[in-house]
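Here is input26.txt, consisting of compact mmCIF, N, CA and C atoms:
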# COMPACT_ATOMS: atom_id res chain seq x y z
N MET A 206 87.35 118.24 71.96
CA MET A 206 87.63 116.83 72.15
C MET A 206 86.31 116.09 72.34
N THR A 207 86.15 115.00 71.66
CA THR A 207 84.94 114.21 71.78
C THR A 207 85.06 113.25 72.95
N ALA A 208 83.94 112.70 73.38
CA ALA A 208 83.94 111.74 74.48
C ALA A 208 84.78 110.52 74.11
N THR A 209 84.72 110.11 72.86
CA THR A 209 85.51 108.97 72.41
C THR A 209 87.00 109.24 72.56
N THR A 210 87.42 110.44 72.19
CA THR A 210 88.83 110.79 72.32
C THR A 210 89.24 110.78 73.78
N ALA A 211 88.41 111.31 74.68
CA ALA A 211 88.74 111.35 76.10
C ALA A 211 88.90 109.94 76.65
N VAL A 212 88.01 109.03 76.27
CA VAL A 212 88.12 107.66 76.74
C VAL A 212 89.41 107.03 76.21
N ALA A 213 89.71 107.25 74.94
CA ALA A 213 90.92 106.66 74.37
C ALA A 213 92.17 107.19 75.06
N ARG A 214 92.21 108.50 75.35
CA ARG A 214 93.38 109.06 76.04
C ARG A 214 93.52 108.47 77.42
N ASP A 215 92.40 108.31 78.16
CA ASP A 215 92.46 107.76 79.50
C ASP A 215 92.86 106.29 79.50
N ALA A 216 92.54 105.57 78.43
CA ALA A 216 92.83 104.15 78.37
C ALA A 216 94.31 103.87 78.16
N VAL A 217 95.06 104.84 77.68
CA VAL A 217 96.48 104.64 77.41
C VAL A 217 97.29 105.30 78.52
N PRO A 218 97.93 104.50 79.37
CA PRO A 218 98.72 105.10 80.44
C PRO A 218 99.92 105.87 79.89
N ARG A 219 100.23 106.93 80.53
CA ARG A 219 101.42 107.71 80.18
C ARG A 219 102.49 107.34 81.19
N HIS A 220 103.69 107.12 80.71
CA HIS A 220 104.75 106.72 81.63
C HIS A 220 106.12 107.07 81.07
N PHE A 221 107.11 107.04 81.95
CA PHE A 221 108.50 107.13 81.52
C PHE A 221 109.36 106.37 82.51
N GLU A 222 110.51 105.98 82.03
CA GLU A 222 111.49 105.27 82.84
C GLU A 222 112.86 105.87 82.57
N VAL A 223 113.66 106.00 83.62
CA VAL A 223 115.03 106.47 83.48
C VAL A 223 115.89 105.59 84.36
N ASP A 224 116.90 104.94 83.78
CA ASP A 224 117.86 104.20 84.61
C ASP A 224 119.18 104.96 84.60
N PHE A 225 119.87 104.92 85.73
CA PHE A 225 121.08 105.72 85.88
C PHE A 225 121.98 105.13 86.96
N ALA A 226 123.25 105.49 86.86
CA ALA A 226 124.22 105.10 87.88
C ALA A 226 123.97 105.96 89.12
N PRO A 227 124.12 105.37 90.30
CA PRO A 227 123.86 106.14 91.52
C PRO A 227 124.90 107.24 91.72
N ALA A 228 124.43 108.47 91.78
CA ALA A 228 125.27 109.64 92.03
C ALA A 228 124.36 110.74 92.56
N GLU A 229 124.84 111.52 93.51
CA GLU A 229 124.03 112.55 94.15
C GLU A 229 123.40 113.52 93.16
N GLU A 230 124.12 113.89 92.09
CA GLU A 230 123.57 114.86 91.14
C GLU A 230 122.35 114.32 90.38
N ARG A 231 122.16 113.02 90.43
CA ARG A 231 121.00 112.41 89.75
C ARG A 231 119.68 112.79 90.41
N VAL A 232 119.71 113.09 91.71
CA VAL A 232 118.47 113.45 92.41
C VAL A 232 117.85 114.68 91.75
N GLN A 233 118.64 115.72 91.56
CA GLN A 233 118.14 116.95 90.93
C GLN A 233 117.69 116.69 89.50
N GLN A 234 118.44 115.88 88.75
CA GLN A 234 118.07 115.56 87.38
C GLN A 234 116.73 114.83 87.32
N MET A 235 116.51 113.88 88.22
CA MET A 235 115.25 113.14 88.23
C MET A 235 114.07 114.03 88.62
N ARG A 236 114.30 114.99 89.52
CA ARG A 236 113.24 115.97 89.84
C ARG A 236 112.89 116.80 88.61
N ARG A 237 113.92 117.27 87.88
CA ARG A 237 113.67 118.09 86.69
C ARG A 237 112.93 117.30 85.62
N ILE A 238 113.34 116.07 85.37
CA ILE A 238 112.68 115.23 84.38
C ILE A 238 111.22 114.98 84.78
N THR A 239 110.99 114.68 86.04
CA THR A 239 109.62 114.43 86.52
C THR A 239 108.77 115.68 86.39
N THR A 240 109.31 116.82 86.77
CA THR A 240 108.58 118.08 86.65
C THR A 240 108.18 118.35 85.20
N ALA A 241 109.12 118.20 84.30
CA ALA A 241 108.84 118.46 82.88
C ALA A 241 107.77 117.52 82.35
N ARG A 242 107.86 116.26 82.68
CA ARG A 242 106.88 115.29 82.18
C ARG A 242 105.50 115.53 82.77
N LEU A 243 105.41 115.80 84.06
CA LEU A 243 104.11 116.07 84.67
C LEU A 243 103.47 117.31 84.08
N ARG A 244 104.25 118.35 83.85
CA ARG A 244 103.69 119.55 83.22
C ARG A 244 103.22 119.25 81.80
N HIS A 245 103.97 118.43 81.08
CA HIS A 245 103.57 118.03 79.71
C HIS A 245 102.24 117.27 79.75
N TRP A 246 102.04 116.45 80.78
CA TRP A 246 100.81 115.69 80.92
C TRP A 246 99.66 116.53 81.47
N GLY A 247 99.93 117.77 81.84
CA GLY A 247 98.89 118.62 82.43
C GLY A 247 98.66 118.35 83.90
N LEU A 248 99.66 117.82 84.58
CA LEU A 248 99.54 117.47 86.00
C LEU A 248 100.37 118.40 86.88
N GLY A 249 100.41 119.68 86.53
CA GLY A 249 101.19 120.64 87.29
C GLY A 249 100.82 120.69 88.76
N MET A 250 99.54 120.38 89.09
CA MET A 250 99.10 120.41 90.48
C MET A 250 99.76 119.33 91.33
N LEU A 251 100.38 118.34 90.71
CA LEU A 251 101.05 117.26 91.46
C LEU A 251 102.56 117.41 91.51
N VAL A 252 103.11 118.43 90.86
CA VAL A 252 104.56 118.57 90.75
C VAL A 252 105.24 118.62 92.11
N ASP A 253 104.75 119.44 93.03
CA ASP A 253 105.44 119.58 94.32
C ASP A 253 105.50 118.24 95.07
N SER A 254 104.37 117.57 95.18
CA SER A 254 104.34 116.28 95.88
C SER A 254 105.16 115.23 95.16
N ALA A 255 105.02 115.17 93.84
CA ALA A 255 105.75 114.16 93.06
C ALA A 255 107.26 114.36 93.14
N THR A 256 107.71 115.59 93.05
CA THR A 256 109.15 115.82 93.09
C THR A 256 109.71 115.58 94.49
N LEU A 257 108.92 115.82 95.53
CA LEU A 257 109.37 115.46 96.88
C LEU A 257 109.54 113.94 96.99
N ILE A 258 108.56 113.20 96.48
CA ILE A 258 108.63 111.74 96.51
C ILE A 258 109.83 111.25 95.71
N VAL A 259 110.00 111.77 94.50
CA VAL A 259 111.15 111.37 93.67
C VAL A 259 112.45 111.66 94.41
N SER A 260 112.57 112.84 95.00
CA SER A 260 113.79 113.20 95.73
C SER A 260 114.09 112.20 96.83
N GLU A 261 113.09 111.89 97.63
CA GLU A 261 113.32 111.00 98.77
C GLU A 261 113.62 109.56 98.34
N LEU A 262 112.84 109.05 97.38
CA LEU A 262 113.06 107.66 96.95
C LEU A 262 114.37 107.49 96.19
N VAL A 263 114.71 108.44 95.33
CA VAL A 263 115.98 108.36 94.60
C VAL A 263 117.15 108.51 95.57
N THR A 264 117.05 109.43 96.51
CA THR A 264 118.12 109.60 97.50
C THR A 264 118.32 108.32 98.29
N ASN A 265 117.23 107.69 98.72
CA ASN A 265 117.36 106.41 99.44
C ASN A 265 118.05 105.35 98.59
N ALA A 266 117.67 105.26 97.33
CA ALA A 266 118.27 104.25 96.45
C ALA A 266 119.76 104.52 96.26
N ILE A 267 120.13 105.78 96.14
CA ILE A 267 121.55 106.13 95.96
C ILE A 267 122.34 105.84 97.23
N GLN A 268 121.78 106.20 98.38
CA GLN A 268 122.51 106.04 99.65
C GLN A 268 122.52 104.61 100.16
N HIS A 269 121.43 103.87 99.96
CA HIS A 269 121.31 102.55 100.57
C HIS A 269 121.23 101.40 99.58
N GLY A 270 121.08 101.72 98.31
CA GLY A 270 120.91 100.67 97.30
C GLY A 270 122.23 100.14 96.78
N HIS A 271 122.12 99.29 95.80
CA HIS A 271 123.27 98.70 95.13
C HIS A 271 123.05 98.82 93.63
N GLY A 272 124.09 99.21 92.89
CA GLY A 272 124.04 99.22 91.44
C GLY A 272 123.14 100.29 90.85
N GLU A 273 122.76 100.05 89.60
CA GLU A 273 121.93 100.99 88.84
C GLU A 273 120.62 101.27 89.56
N VAL A 274 120.08 102.45 89.31
CA VAL A 274 118.80 102.86 89.86
C VAL A 274 117.84 103.07 88.70
N LEU A 275 116.59 102.69 88.89
CA LEU A 275 115.56 102.87 87.88
C LEU A 275 114.42 103.67 88.48
N LEU A 276 114.08 104.80 87.83
CA LEU A 276 112.91 105.59 88.20
C LEU A 276 111.83 105.32 87.16
N LYS A 277 110.64 104.97 87.62
CA LYS A 277 109.47 104.79 86.75
C LYS A 277 108.36 105.67 87.28
N VAL A 278 107.73 106.40 86.37
CA VAL A 278 106.57 107.21 86.72
C VAL A 278 105.48 106.89 85.70
N ALA A 279 104.29 106.57 86.20
CA ALA A 279 103.18 106.23 85.31
C ALA A 279 101.91 106.94 85.77
N TYR A 280 101.12 107.40 84.79
CA TYR A 280 99.88 108.13 85.03
C TYR A 280 98.78 107.44 84.24
N ASP A 281 97.71 107.04 84.93
CA ASP A 281 96.62 106.36 84.22
C ASP A 281 95.29 107.08 84.33
N ALA A 282 95.28 108.39 84.54
CA ALA A 282 94.10 109.25 84.66
C ALA A 282 93.47 109.23 86.04
N HIS A 283 93.77 108.24 86.86
CA HIS A 283 93.26 108.20 88.22
C HIS A 283 94.37 108.39 89.24
N ALA A 284 95.57 107.94 88.89
CA ALA A 284 96.67 107.98 89.85
C ALA A 284 98.00 108.13 89.13
N LEU A 285 98.92 108.70 89.87
CA LEU A 285 100.30 108.80 89.43
C LEU A 285 101.09 107.87 90.34
N ARG A 286 101.79 106.92 89.73
CA ARG A 286 102.59 105.95 90.50
C ARG A 286 104.06 106.24 90.25
N ILE A 287 104.80 106.39 91.31
CA ILE A 287 106.24 106.64 91.25
C ILE A 287 106.94 105.44 91.87
N GLU A 288 107.88 104.85 91.14
CA GLU A 288 108.64 103.70 91.63
C GLU A 288 110.12 103.96 91.46
N VAL A 289 110.89 103.54 92.45
CA VAL A 289 112.35 103.59 92.34
C VAL A 289 112.87 102.21 92.72
N THR A 290 113.69 101.65 91.84
CA THR A 290 114.22 100.30 92.00
C THR A 290 115.74 100.34 92.01
N ASP A 291 116.32 99.54 92.90
CA ASP A 291 117.76 99.29 92.89
C ASP A 291 117.96 97.80 93.17
N SER A 292 119.18 97.36 93.28
CA SER A 292 119.45 95.93 93.43
C SER A 292 119.52 95.44 94.87
N ASN A 293 119.27 96.31 95.83
CA ASN A 293 119.35 95.93 97.23
C ASN A 293 118.05 95.25 97.65
N PRO A 294 118.11 93.98 98.09
CA PRO A 294 116.89 93.29 98.49
C PRO A 294 116.39 93.71 99.87
N ALA A 295 117.16 94.50 100.61
CA ALA A 295 116.70 94.98 101.92
C ALA A 295 115.65 96.08 101.69
N PRO A 296 114.42 95.87 102.16
CA PRO A 296 113.36 96.84 101.88
C PRO A 296 113.58 98.16 102.62
N ALA A 297 113.09 99.22 102.01
CA ALA A 297 113.10 100.52 102.67
C ALA A 297 112.17 100.46 103.87
N LEU A 298 112.61 101.03 104.97
CA LEU A 298 111.82 101.02 106.20
C LEU A 298 111.69 102.44 106.73
N MET A 299 110.52 102.77 107.24
CA MET A 299 110.33 104.06 107.86
C MET A 299 111.03 104.02 109.23
N ARG A 300 111.91 104.96 109.45
CA ARG A 300 112.67 104.99 110.70
C ARG A 300 112.00 105.87 111.73
N THR A 301 112.27 105.57 112.99
CA THR A 301 111.87 106.44 114.08
C THR A 301 113.02 107.42 114.27
N THR A 302 112.71 108.70 114.30
CA THR A 302 113.76 109.70 114.43
C THR A 302 113.51 110.56 115.66
N GLY A 303 114.60 111.07 116.19
CA GLY A 303 114.52 112.00 117.29
C GLY A 303 114.55 113.42 116.78
N GLU A 304 114.26 114.35 117.66
CA GLU A 304 114.21 115.76 117.27
C GLU A 304 115.54 116.26 116.72
N ALA A 305 116.64 115.74 117.23
CA ALA A 305 117.97 116.21 116.81
C ALA A 305 118.50 115.48 115.57
N ASP A 306 117.84 114.41 115.14
CA ASP A 306 118.31 113.65 113.98
C ASP A 306 118.22 114.49 112.71
N GLU A 307 119.28 114.46 111.92
CA GLU A 307 119.32 115.22 110.67
C GLU A 307 118.86 114.40 109.47
N HIS A 308 118.79 113.09 109.62
CA HIS A 308 118.42 112.20 108.51
C HIS A 308 117.36 111.22 109.01
N GLY A 309 116.73 110.52 108.06
CA GLY A 309 115.82 109.45 108.41
C GLY A 309 114.35 109.79 108.35
N ARG A 310 114.01 110.96 107.80
CA ARG A 310 112.60 111.36 107.73
C ARG A 310 112.00 111.20 106.33
N GLY A 311 112.77 110.73 105.38
CA GLY A 311 112.33 110.68 103.98
C GLY A 311 111.06 109.90 103.76
N LEU A 312 110.98 108.68 104.27
CA LEU A 312 109.78 107.88 104.03
C LEU A 312 108.58 108.42 104.81
N ARG A 313 108.83 109.08 105.92
CA ARG A 313 107.73 109.71 106.64
C ARG A 313 107.13 110.84 105.79
N LEU A 314 108.01 111.60 105.12
CA LEU A 314 107.53 112.66 104.21
C LEU A 314 106.75 112.05 103.05
N VAL A 315 107.27 110.97 102.48
CA VAL A 315 106.57 110.29 101.38
C VAL A 315 105.18 109.86 101.85
N ALA A 316 105.09 109.28 103.04
CA ALA A 316 103.80 108.84 103.57
C ALA A 316 102.85 110.02 103.78
N MET A 317 103.38 111.17 104.17
CA MET A 317 102.54 112.34 104.44
C MET A 317 101.94 112.93 103.16
N VAL A 318 102.69 112.94 102.06
CA VAL A 318 102.20 113.59 100.84
C VAL A 318 101.52 112.63 99.87
N SER A 319 101.69 111.33 100.05
CA SER A 319 101.12 110.37 99.10
C SER A 319 99.84 109.75 99.66
N GLU A 320 99.09 109.11 98.77
CA GLU A 320 97.91 108.36 99.20
C GLU A 320 98.31 106.99 99.72
N GLY A 321 99.50 106.57 99.43
CA GLY A 321 100.00 105.30 99.90
C GLY A 321 101.40 105.06 99.36
N TRP A 322 102.14 104.22 100.05
CA TRP A 322 103.48 103.86 99.60
C TRP A 322 103.75 102.44 100.08
N GLY A 323 104.76 101.84 99.50
CA GLY A 323 105.11 100.49 99.91
C GLY A 323 106.38 100.02 99.24
N VAL A 324 106.67 98.76 99.48
CA VAL A 324 107.88 98.13 98.96
C VAL A 324 107.47 96.81 98.31
N SER A 325 108.09 96.51 97.17
CA SER A 325 107.80 95.25 96.48
C SER A 325 108.21 94.06 97.34
N ARG A 326 107.66 92.91 97.03
CA ARG A 326 107.98 91.68 97.80
C ARG A 326 109.46 91.37 97.83
N ASP A 327 110.16 91.68 96.72
CA ASP A 327 111.60 91.38 96.70
C ASP A 327 112.43 92.47 97.37
N GLY A 328 111.79 93.55 97.84
CA GLY A 328 112.48 94.60 98.57
C GLY A 328 113.23 95.59 97.71
N LYS A 329 113.25 95.39 96.42
CA LYS A 329 114.08 96.21 95.54
C LYS A 329 113.39 97.47 95.01
N THR A 330 112.07 97.52 95.06
CA THR A 330 111.32 98.66 94.53
C THR A 330 110.51 99.30 95.64
N THR A 331 110.65 100.61 95.78
CA THR A 331 109.82 101.39 96.69
C THR A 331 108.92 102.25 95.82
N TRP A 332 107.64 102.33 96.15
CA TRP A 332 106.68 103.03 95.32
C TRP A 332 105.80 103.95 96.17
N ALA A 333 105.19 104.92 95.51
CA ALA A 333 104.22 105.81 96.14
C ALA A 333 103.17 106.18 95.10
N ILE A 334 101.97 106.47 95.57
CA ILE A 334 100.84 106.81 94.71
C ILE A 334 100.32 108.20 95.07
N LEU A 335 100.08 109.00 94.05
CA LEU A 335 99.37 110.27 94.19
C LEU A 335 98.08 110.17 93.40
N THR A 336 96.98 110.56 93.99
CA THR A 336 95.69 110.54 93.30
C THR A 336 95.56 111.77 92.41
N VAL A 337 95.14 111.54 91.19
CA VAL A 337 94.84 112.63 90.27
C VAL A 337 93.44 113.14 90.64
N PRO A 338 93.27 114.45 90.77
CA PRO A 338 91.96 114.98 91.16
C PRO A 338 90.82 114.44 90.29
N ALA A 339 89.71 114.13 90.93
CA ALA A 339 88.53 113.61 90.22
C ALA A 339 88.09 114.56 89.12
N GLY A 340 87.76 113.99 87.98
CA GLY A 340 87.30 114.79 86.85
C GLY A 340 88.41 115.44 86.05
N TRP A 341 89.64 115.22 86.45
CA TRP A 341 90.77 115.81 85.72
C TRP A 341 90.94 115.08 84.41
N ALA A 342 90.95 115.79 83.31
CA ALA A 342 91.05 115.18 81.99
C ALA A 342 92.43 115.36 81.38
N GLY A 343 93.36 115.99 82.12
CA GLY A 343 94.73 116.24 81.69
C GLY A 343 95.02 115.89 80.33

What do you get writing this file as structure tokens?
Amino acid sequence: MTATTAVARDAVPRHFEVDFAPAEERVQQMRRITTARLRHWGLGMLVDSATLIVSELVTNAIQHGHGEVLLKVAYDAHALRIEVTDSNPAPALMRTTGEADEHGRGLRLVAMVSEGWGVSRDGKTTWAILTVPAGWAG
């Protein structure tokens, strides 16, 4: 591969989008789709973190959102951005949980494995960023 080819590949972001009706079985499907795409892009080192983020954000959208859910994943050679959108304008919030609580730790997990996460101004999209290792030419 020439330097010109590497620059051209890095200049074109790789991404995919999947919209779906909210259903519990979609969580596993979105993890599988994300895993396959990341491996295709040569980002196998991010699969575990990315699929955890996808699981938590998609689960939140299914449980607390309204209507169709949209998963977007984009890779621009420096970062992998994962977004999940639903029609609920109430933003996702990190909850305080007790030791005995069985639910409510999802966004805390997302915060632990990502370089950053947040919610769009309209509250409908929750996103997280994973940094692609420096010098990775995937």

- Query: Pick from A:Thr239, A:Thr330, A:Ser319, A:Ser325: nearest to Val259 (chain A), with only C-alpha atoms counted?
  - Reply: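 Closest residue, counting only C-alpha atoms: A:Thr239.
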
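Separating atom C of Trp246 (chain A) from atom C of Val223 (chain A) is a distance of 19.8 Å.
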
- Query: Which distance in Å separates atom N of Thr336 (chain A) and atom N of Gly321 (chain A), to one decimal?
  - Reply: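 These two atoms are separated by 7.2 Å.
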
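Around Tyr280 (chain A), within 6 Å and counting only N, CA and C atoms, the residues found are Pro218, Arg219, His220, Ala284, Leu285 and Arg286 of chain A, once anything fewer than 4 positions away on its own chain is removed.
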
Just N, CA and C atoms for this one: save the residues we selected as a short mmCIF file (atom, residue, chain, number, x, y, z; two decimals), keeping the file's coordinate frame.
data_model
loop_
_atom_site.label_atom_id
_atom_site.label_comp_id
_atom_site.auth_asym_id
_atom_site.auth_seq_id
_atom_site.Cartn_x
_atom_site.Cartn_y
_atom_site.Cartn_z
N PRO A 218 97.93 104.50 79.37
CA PRO A 218 98.72 105.10 80.44
C PRO A 218 99.92 105.87 79.89
N ARG A 219 100.23 106.93 80.53
CA ARG A 219 101.42 107.71 80.18
C ARG A 219 102.49 107.34 81.19
N HIS A 220 103.69 107.12 80.71
CA HIS A 220 104.75 106.72 81.63
C HIS A 220 106.12 107.07 81.07
N ALA A 284 95.57 107.94 88.89
CA ALA A 284 96.67 107.98 89.85
C ALA A 284 98.00 108.13 89.13
N LEU A 285 98.92 108.70 89.87
CA LEU A 285 100.30 108.80 89.43
C LEU A 285 101.09 107.87 90.34
N ARG A 286 101.79 106.92 89.73
CA ARG A 286 102.59 105.95 90.50
C ARG A 286 104.06 106.24 90.25
#

- Item | Pro227 (chain A) environment, 8 Å, only C-alpha atoms, sequence neighbours closer than 4 positions dropped, as a ChimeraX atom specification | /A:231,266-267,272-274

Give the padded box for region 261-264 of chain A as lines of an AutoDock Vina configuration file: axis-aligned, covering all atoms listed in the file, 8 Å on each side, centre and edge lengths in Å to one decimal.
center_x = 115.6
center_y = 109.7
center_z = 96.7
size_x = 21.5
size_y = 20.4
size_z = 20.2

- Please, what distance in Å, to one decimal, runs between CA of Arg313 (chain A) and atom N of Glu222 (chain A)? 25.0 Å

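Residue-level DSSP output for region 224-311 of chain A, from the backbone, shows strand (DSSP E or B) at Asp224, Phe225, Val274, Leu275, Leu276, Lys277, Val278, Ala279, Tyr280, Ala284, Leu285, Arg286, Ile287, Glu288, Val289 and Thr290 of chain A.
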
Export of the given selection (N, CA and C atoms) as a PDB file, in the coordinates of the input:
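Result file follows (out13.pdb):
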ATOM      1  N   ASP A 224     116.900 104.940  83.780  1.00  0.00           N
ATOM      2  CA  ASP A 224     117.860 104.200  84.610  1.00  0.00           C
ATOM      3  C   ASP A 224     119.180 104.960  84.600  1.00  0.00           C
ATOM      4  N   PHE A 225     119.870 104.920  85.730  1.00  0.00           N
ATOM      5  CA  PHE A 225     121.080 105.720  85.880  1.00  0.00           C
ATOM      6  C   PHE A 225     121.980 105.130  86.960  1.00  0.00           C
ATOM      7  N   VAL A 274     120.080 102.450  89.310  1.00  0.00           N
ATOM      8  CA  VAL A 274     118.800 102.860  89.860  1.00  0.00           C
ATOM      9  C   VAL A 274     117.840 103.070  88.700  1.00  0.00           C
ATOM     10  N   LEU A 275     116.590 102.690  88.890  1.00  0.00           N
ATOM     11  CA  LEU A 275     115.560 102.870  87.880  1.00  0.00           C
ATOM     12  C   LEU A 275     114.420 103.670  88.480  1.00  0.00           C
ATOM     13  N   LEU A 276     114.080 104.800  87.830  1.00  0.00           N
ATOM     14  CA  LEU A 276     112.910 105.590  88.200  1.00  0.00           C
ATOM     15  C   LEU A 276     111.830 105.320  87.160  1.00  0.00           C
ATOM     16  N   LYS A 277     110.640 104.970  87.620  1.00  0.00           N
ATOM     17  CA  LYS A 277     109.470 104.790  86.750  1.00  0.00           C
ATOM     18  C   LYS A 277     108.360 105.670  87.280  1.00  0.00           C
ATOM     19  N   VAL A 278     107.730 106.400  86.370  1.00  0.00           N
ATOM     20  CA  VAL A 278     106.570 107.210  86.720  1.00  0.00           C
ATOM     21  C   VAL A 278     105.480 106.890  85.700  1.00  0.00           C
ATOM     22  N   ALA A 279     104.290 106.570  86.200  1.00  0.00           N
ATOM     23  CA  ALA A 279     103.180 106.230  85.310  1.00  0.00           C
ATOM     24  C   ALA A 279     101.910 106.940  85.770  1.00  0.00           C
ATOM     25  N   TYR A 280     101.120 107.400  84.790  1.00  0.00           N
ATOM     26  CA  TYR A 280      99.880 108.130  85.030  1.00  0.00           C
ATOM     27  C   TYR A 280      98.780 107.440  84.240  1.00  0.00           C
ATOM     28  N   ALA A 284      95.570 107.940  88.890  1.00  0.00           N
ATOM     29  CA  ALA A 284      96.670 107.980  89.850  1.00  0.00           C
ATOM     30  C   ALA A 284      98.000 108.130  89.130  1.00  0.00           C
ATOM     31  N   LEU A 285      98.920 108.700  89.870  1.00  0.00           N
ATOM     32  CA  LEU A 285     100.300 108.800  89.430  1.00  0.00           C
ATOM     33  C   LEU A 285     101.090 107.870  90.340  1.00  0.00           C
ATOM     34  N   ARG A 286     101.790 106.920  89.730  1.00  0.00           N
ATOM     35  CA  ARG A 286     102.590 105.950  90.500  1.00  0.00           C
ATOM     36  C   ARG A 286     104.060 106.240  90.250  1.00  0.00           C
ATOM     37  N   ILE A 287     104.800 106.390  91.310  1.00  0.00           N
ATOM     38  CA  ILE A 287     106.240 106.640  91.250  1.00  0.00           C
ATOM     39  C   ILE A 287     106.940 105.440  91.870  1.00  0.00           C
ATOM     40  N   GLU A 288     107.880 104.850  91.140  1.00  0.00           N
ATOM     41  CA  GLU A 288     108.640 103.700  91.630  1.00  0.00           C
ATOM     42  C   GLU A 288     110.120 103.960  91.460  1.00  0.00           C
ATOM     43  N   VAL A 289     110.890 103.540  92.450  1.00  0.00           N
ATOM     44  CA  VAL A 289     112.350 103.590  92.340  1.00  0.00           C
ATOM     45  C   VAL A 289     112.870 102.210  92.720  1.00  0.00           C
ATOM     46  N   THR A 290     113.690 101.650  91.840  1.00  0.00           N
ATOM     47  CA  THR A 290     114.220 100.300  92.000  1.00  0.00           C
ATOM     48  C   THR A 290     115.740 100.340  92.010  1.00  0.00           C
TER      49      THR A 290
END

- For each of A:Ala282, A:Leu243, A:Leu275, A:Glu230, take the minimum atom-to-atom distance to Pro338 (chain A), counting all atoms listed in the file, then give the residue where this is smallest. A:Ala282

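Distances from A:Thr264, A:Thr256, A:Thr240, A:Asn293 to Val318 (chain A) were compared using only C-alpha atoms, and the smallest one belongs to A:Thr256.
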
- Task: Give me the residues within 7 Å of Ser260 (chain A) as a VMD selection string, counting all atoms listed in the file and dropping any in the same chain fewer than 3 places off.
- Result: chain A and resid 232 to 233 235 to 236 255 to 257 263 to 265

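Residue nearest Phe225 (chain A), chosen from A:Leu276, A:Val324, A:Leu335, A:Leu314 and counting only C-alpha atoms: A:Leu276.
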
- Query: Per DSSP on the backbone, what are the helix (DSSP H, G or I) residues of region 213-297 of chain A, as a VMD selection string?
  - Reply: chain A and resid 213 to 216 230 to 245 249 to 269

- Query: Using only C-alpha atoms, can you list as a list in words the residues within 7 Å of (112.7, 100.9, 94.8)?
  - Reply: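 Answer for this query, in the requested form: Ala266, Glu288, Val289, Thr290, Asp291, Val324, Lys329, Thr330, Thr331 and Trp332 of chain A.
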
- Find the residue from A:Gln268, A:Arg237, A:Asp327, A:Glu320 that sits nearest to Asp253 (chain A); use only C-alpha atoms when measuring.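 Result for the nearest residue to Asp253 (chain A): A:Arg237.
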